[in-house]
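In what follows, a single structure is set out as structure tokens and then discussed.
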Amino acid sequence: MRSRHRRFGVNTLADLVGLWCRQNPSSIAVGGLREARTFAELDADANLWASALRAAGLKPGERVALWGGNSARWLARAFGVWKAGLTLVPLSTFATPRELTELLNNARPQLLLADRRVADRDFAALVRQLSLPPSLRRMVAEGPGQLTDLHSEASFLRAGSYRFDASGVTQPQDVALILYTSGTTGKPKGVRLQHQAVLSTMWATVARGGLRLGDRVVSSLPLFWVAGLCIRALPTLASGSALLLMETFHVDQLIELLKQWRPNGLHLRPPQVSALLSHPRFAPELLEPVRKGGGRNSWYAPHLRHARLITGYGMTEMSGYVTALSWRDSAATRASSIGRTLPDVEVKIVGKDGSTCEAGVTGEIRVRGPGLFAGYEGEPTGTGIDTQGYFCTGDLGFLDETGQLHFVGRSKDLLRCKGVNVSPLEVEVVLAEHPSVEAAFVVGLPPDGLDQQLVALVVSRDGQDHEVEWRQWCARMLSPYKRPSAFVLVRRGEVPFGPTSKPLRDQLARLALERLSGMASLFQS
């Protein structure tokens, strides 16, 4: 893969847009309902941001946080950060003030770039509720506003209106991104990803998905998540395809986007597919051009009979995919597997005794390869890595005789909700802070699902059900994907504990299913 990077002239993410700017400058790079930017325009915008960032006194290696919805502007800022030799810290627009304060104080950025609004969230109002880190020297937001601490994006860019030479500023081993994912401690973990790591998975993802120059690909995933950025957005741009975005997901906007652009690639999550197919304005011809993308064909049945969708097994700590299907795989393989390893990626299955399992035997999935992260921000070197350099995922699975990976379940206290790792401990701590809660225990259903819904088993101080209050409390303190879908009132004596006084989550999950028997179908695989 290294030779391919050199042949294309792409050694870092800073070079990526310039590749197609040189070869096909007038091709659409990023589109939406109200915007379309060519590769030449995106590259020019990125250069303007790079010059402004350097004019503002930021030095290579310093950090720029970014809070914004999916857009061409988000990507122009990101590529500008990379061209200037800086590290990008994408921030979740779902995050509550409590969560954003934790992220910013862990990442310690020197600059914060922001949209004025994302959906119904006003950034100026949000900032007033934050405890900002001492490292932060300036905040820059687009559009008019009332907060004196926010600098105008227009004036910030004017200060950098000179020609900026980005050649040689950014190196492959530099940290391109700090992406946040939940940890088993309940605190978010900042995953440091180098340029060379992201590129290694990016090119392989292009090949597995069959992306080509001129494709038009819709992605609904937020750019601040590894799936949205490293698995969806960057491979789409790397292939010369047009990346079609919505600031936030709304099914009406999706339908308009499908009508306007007639995309041949589509990346949606299962709930979004259901919302699309059940919408009164949905028409089968909207999906007729689709031939590639992410997911399973079965999600769209009876549509997309001729599409070759792919999925895989990935994580932030590996810069995206670890294994992935290929568009060349048979329909039967694509319907049941999560694929083979990417080039130069190694997977081993480890038993409880530490030995490597044979084919077909379930154990912990451990991974290493060129996409491996460069450590957690603020954590000791080597955290999460075994003595042979493999990342210990905590997931359970097995490799079959053909090398296909099969996911079985999770062995550590992390749940998977809407494609993102969620720490049950974080949700439990937040719930326990409510005055009516004596204790809370959070599980994911279905227990062994690749994607789960959160259920909170709550011991109430007065023995009464306060679900409305608990939901309101979670809405205030937690991002939407961290909020329980259901609450189950339990007595302290009903909670199963192990010999070390830790709750037995498998038994808690069974108890939750029993209590939710009327809704059991909602929590099945």
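By convention here, the chains of the structure tokens are called A, B, ... in the order presented, each chain's residues are numbered starting at 1, and ligands are numbered starting at 1 in the order presented.
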> Looking only at the backbone, which of the residues in stretch 131-348 of chain A does DSSP tag as strand (DSSP E or B), as number ranges by chain?
Replying inline: A: 138-141, 150-152, 175-182, 188-194, 216-219, 242-245, 265-267, 292-294, 310, 312-315, 320-324, 340-341, 346-348
Go ahead and save the picked residues with N, CA and C atoms, as a compact mmCIF listing (two decimals), in the first residue's frame.
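result-v5.txt, written as the output of this step:
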# COMPACT_ATOMS: atom_id res chain seq x y z
N ARG A 138 -8.56 30.57 21.38
CA ARG A 138 -9.53 31.29 20.55
C ARG A 138 -10.63 30.34 20.10
N MET A 139 -11.84 30.91 19.96
CA MET A 139 -12.96 30.19 19.37
C MET A 139 -13.45 30.97 18.16
N VAL A 140 -13.66 30.25 17.05
CA VAL A 140 -14.06 30.89 15.80
C VAL A 140 -15.34 30.22 15.29
N ALA A 141 -16.36 31.02 15.00
CA ALA A 141 -17.64 30.47 14.53
C ALA A 141 -18.12 31.24 13.31
N LEU A 150 -16.51 34.67 20.90
CA LEU A 150 -16.47 34.01 19.60
C LEU A 150 -15.99 34.98 18.53
N HIS A 151 -14.95 34.57 17.82
CA HIS A 151 -14.43 35.39 16.73
C HIS A 151 -15.14 35.02 15.43
N SER A 152 -15.28 35.99 14.55
CA SER A 152 -15.94 35.78 13.27
C SER A 152 -15.08 34.93 12.35
N VAL A 175 0.23 12.86 14.06
CA VAL A 175 -1.12 12.52 14.50
C VAL A 175 -2.11 13.40 13.74
N ALA A 176 -2.94 12.78 12.94
CA ALA A 176 -3.93 13.52 12.15
C ALA A 176 -5.19 13.81 12.96
N LEU A 177 -5.59 12.85 13.79
CA LEU A 177 -6.89 12.90 14.46
C LEU A 177 -6.78 12.45 15.91
N ILE A 178 -7.60 13.05 16.75
CA ILE A 178 -7.92 12.47 18.04
C ILE A 178 -9.42 12.26 18.05
N LEU A 179 -9.84 11.00 17.90
CA LEU A 179 -11.25 10.65 17.86
C LEU A 179 -11.64 10.04 19.21
N TYR A 180 -12.81 10.42 19.69
CA TYR A 180 -13.22 9.97 21.01
C TYR A 180 -14.17 8.79 20.94
N THR A 181 -13.86 7.80 21.78
CA THR A 181 -14.68 6.61 21.90
C THR A 181 -14.81 6.28 23.38
N SER A 182 -15.89 5.62 23.76
CA SER A 182 -16.11 5.32 25.17
C SER A 182 -15.12 4.27 25.65
N PRO A 188 -14.59 9.16 28.37
CA PRO A 188 -14.25 9.05 26.95
C PRO A 188 -12.75 8.93 26.76
N LYS A 189 -12.35 8.15 25.77
CA LYS A 189 -10.93 7.98 25.47
C LYS A 189 -10.61 8.63 24.14
N GLY A 190 -9.55 9.44 24.13
CA GLY A 190 -9.10 10.08 22.91
C GLY A 190 -8.13 9.19 22.17
N VAL A 191 -8.53 8.70 21.00
CA VAL A 191 -7.73 7.76 20.22
C VAL A 191 -6.90 8.54 19.20
N ARG A 192 -5.59 8.46 19.32
CA ARG A 192 -4.69 9.20 18.43
C ARG A 192 -4.41 8.37 17.17
N LEU A 193 -4.73 8.94 16.02
CA LEU A 193 -4.55 8.25 14.74
C LEU A 193 -3.58 9.03 13.86
N GLN A 194 -2.56 8.35 13.39
CA GLN A 194 -1.59 8.98 12.50
C GLN A 194 -2.11 9.00 11.06
N ARG A 216 -21.56 8.58 -7.03
CA ARG A 216 -22.21 9.54 -6.15
C ARG A 216 -22.72 8.76 -4.94
N VAL A 217 -22.18 9.10 -3.77
CA VAL A 217 -22.40 8.27 -2.59
C VAL A 217 -23.00 9.09 -1.45
N VAL A 218 -24.16 8.65 -0.95
CA VAL A 218 -24.79 9.27 0.20
C VAL A 218 -24.29 8.61 1.48
N SER A 219 -23.91 9.43 2.45
CA SER A 219 -23.55 8.91 3.77
C SER A 219 -24.30 9.71 4.83
N ALA A 242 -18.25 11.58 -5.56
CA ALA A 242 -18.91 12.69 -4.90
C ALA A 242 -19.52 12.20 -3.59
N LEU A 243 -19.19 12.88 -2.51
CA LEU A 243 -19.72 12.56 -1.19
C LEU A 243 -20.94 13.44 -0.93
N LEU A 244 -22.10 12.83 -0.74
CA LEU A 244 -23.35 13.56 -0.57
C LEU A 244 -23.75 13.51 0.90
N LEU A 245 -23.91 14.69 1.52
CA LEU A 245 -24.09 14.79 2.97
C LEU A 245 -25.37 15.53 3.34
N GLY A 265 -24.47 5.04 -4.74
CA GLY A 265 -23.93 4.49 -3.51
C GLY A 265 -24.70 5.02 -2.32
N LEU A 266 -24.88 4.17 -1.30
CA LEU A 266 -25.73 4.55 -0.18
C LEU A 266 -25.22 3.91 1.11
N HIS A 267 -25.06 4.75 2.15
CA HIS A 267 -24.65 4.27 3.47
C HIS A 267 -25.66 4.77 4.49
N LYS A 292 -23.93 0.13 -4.91
CA LYS A 292 -22.86 -0.09 -3.94
C LYS A 292 -23.15 0.71 -2.67
N GLY A 293 -22.34 0.47 -1.64
CA GLY A 293 -22.53 1.19 -0.38
C GLY A 293 -22.29 0.28 0.81
N GLY A 294 -22.76 0.71 1.99
CA GLY A 294 -22.52 -0.03 3.22
C GLY A 294 -23.79 -0.60 3.80
N ILE A 310 -21.56 -3.78 1.14
CA ILE A 310 -20.59 -4.46 1.98
C ILE A 310 -20.69 -3.94 3.43
N GLY A 312 -18.51 -4.73 7.54
CA GLY A 312 -17.28 -5.28 8.09
C GLY A 312 -17.23 -5.11 9.59
N TYR A 313 -16.06 -5.37 10.13
CA TYR A 313 -15.80 -5.26 11.56
C TYR A 313 -14.71 -4.21 11.72
N GLY A 314 -15.01 -3.14 12.44
CA GLY A 314 -14.04 -2.08 12.58
C GLY A 314 -14.08 -1.42 13.94
N MET A 315 -13.16 -0.49 14.14
CA MET A 315 -13.08 0.22 15.43
C MET A 315 -12.19 1.44 15.27
N GLY A 320 -10.59 2.42 11.44
CA GLY A 320 -11.69 2.01 10.56
C GLY A 320 -11.82 0.50 10.52
N TYR A 321 -11.96 -0.03 9.31
CA TYR A 321 -12.17 -1.47 9.16
C TYR A 321 -10.95 -2.29 9.58
N VAL A 322 -11.24 -3.43 10.20
CA VAL A 322 -10.26 -4.50 10.45
C VAL A 322 -10.49 -5.59 9.42
N THR A 323 -11.74 -6.02 9.32
CA THR A 323 -12.15 -6.93 8.24
C THR A 323 -13.27 -6.26 7.47
N ALA A 324 -13.43 -6.63 6.23
CA ALA A 324 -14.53 -6.09 5.42
C ALA A 324 -14.83 -7.05 4.28
N ARG A 340 -13.01 -10.67 5.40
CA ARG A 340 -11.63 -11.03 5.69
C ARG A 340 -10.85 -9.78 6.08
N THR A 341 -9.66 -10.00 6.65
CA THR A 341 -8.84 -8.87 7.08
C THR A 341 -8.41 -8.00 5.91
N GLU A 346 -3.60 -8.21 10.86
CA GLU A 346 -3.57 -9.55 11.46
C GLU A 346 -4.62 -9.64 12.56
N VAL A 347 -5.33 -10.75 12.58
CA VAL A 347 -6.32 -11.04 13.62
C VAL A 347 -5.94 -12.37 14.26
N LYS A 348 -5.96 -12.41 15.58
CA LYS A 348 -5.81 -13.70 16.26
C LYS A 348 -6.92 -13.82 17.30
Per-residue nearest contacts of stretch 219-271 of chain A to stretch 200-208 of chain A (7 Å; only C-alpha atoms) as a tab-separated table:
residue	atom	partner	partner_atom	distance
A:Cys230	CA	A:Met202	CA	6.5
A:Ile231	CA	A:Thr205	CA	6.8
A:Leu234	CA	A:Met202	CA	6.7
A:Pro235	CA	A:Met202	CA	5.2
A:Ser239	CA	A:Val206	CA	6.4
Store the residues of this selection in a file with C-alpha atoms, as a PDB file, in the first residue's frame.
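Just written: part_9.pdb:
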ATOM      1  CA  CYS A 230     -12.558   6.983   7.996  1.00  0.00           C
ATOM      2  CA  ILE A 231     -14.902   4.306   6.625  1.00  0.00           C
ATOM      3  CA  LEU A 234     -12.404   9.707   3.207  1.00  0.00           C
ATOM      4  CA  PRO A 235     -12.576   6.566   1.012  1.00  0.00           C
ATOM      5  CA  SER A 239     -11.820   7.347  -5.091  1.00  0.00           C
TER       6      SER A 239
END
> Near A:Gln110, within 10 Å and counting only C-alpha atoms, which residues show up once chain neighbours fewer than 2 positions away are dropped, as a PyMOL selection string?
Replying inline: chain A and resi 58-59+62-65+107-108+112+133-139
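Interatomic distance, atom CA of A:Met246 against atom CA of A:Arg117: 14.0 Å.
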>> DSSP on the backbone: which residues in stretch 309-401 of chain A end up as helix (DSSP H, G or I)? Give the answer as a list in words.
In response: Thr316, Glu317, Met318, Ala331, Ala332, Thr333, Arg334, Ala335 and Ser336 of chain A
> A:Ser479: which residues within 8 Å, counting only C-alpha atoms, same-chain residues fewer than 5 positions away excluded, as a PyMOL selection string?
Replying inline: chain A and resi 94-96
>> Could you list, as an MDAnalysis selection string, every residue within 10 Å of stretch 8-14 of chain A, counting only C-alpha atoms and ignoring same-chain residues fewer than 4 positions away?
In response: chainID A and resid 2:4 18:20 43 46:47 78:85 166:174 176 194:199 234 238
>> So that I can check the surroundings of A:Val430, please list as a list in words every protein, DNA and RNA residue that reaches within 9 Å of it, counting only C-alpha atoms and ignoring chain neighbours fewer than 2 positions away.
In response: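 Within the cut-off, the hits are Leu425, Glu426, Val427, Glu428, Ala432, Glu433, His434, Trp473, Cys474, Met477 and Leu478 of chain A.
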> What is the atom CA of A:Phe249 to atom CA of A:Ser26 distance in Å?
Replying inline: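 Straight-line distance from atom CA of A:Phe249 to atom CA of A:Ser26 works out to 27.6 Å.
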>> Please list as a PyMOL selection string every residue within 12 Å of A:Asp252, counting only C-alpha atoms and excluding residues in the same chain fewer than 2 positions away.
In response: chain A and resi 33+246+248-250+254-259+272+275-282
>> Under the rule that only C-alpha atoms are counted, which of A:Leu396, A:Gly369, A:Leu309, A:Lys482 is the nearest residue to A:Val350?
In response: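 For A:Val350, the nearest of the candidates is A:Leu396.
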> How many Å lie between atom CA of A:Thr393 and atom CA of A:Ile338, rounded to one decimal?
Replying inline: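 Atom CA of A:Ile338 lies at a distance of 16.0 Å from atom CA of A:Thr393.
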> With only C-alpha atoms as the atoms that count, which of A:Val17, A:Glu153, A:Ser131, A:Arg305 lies nearest to A:Glu99?
Replying inline: A:Ser131
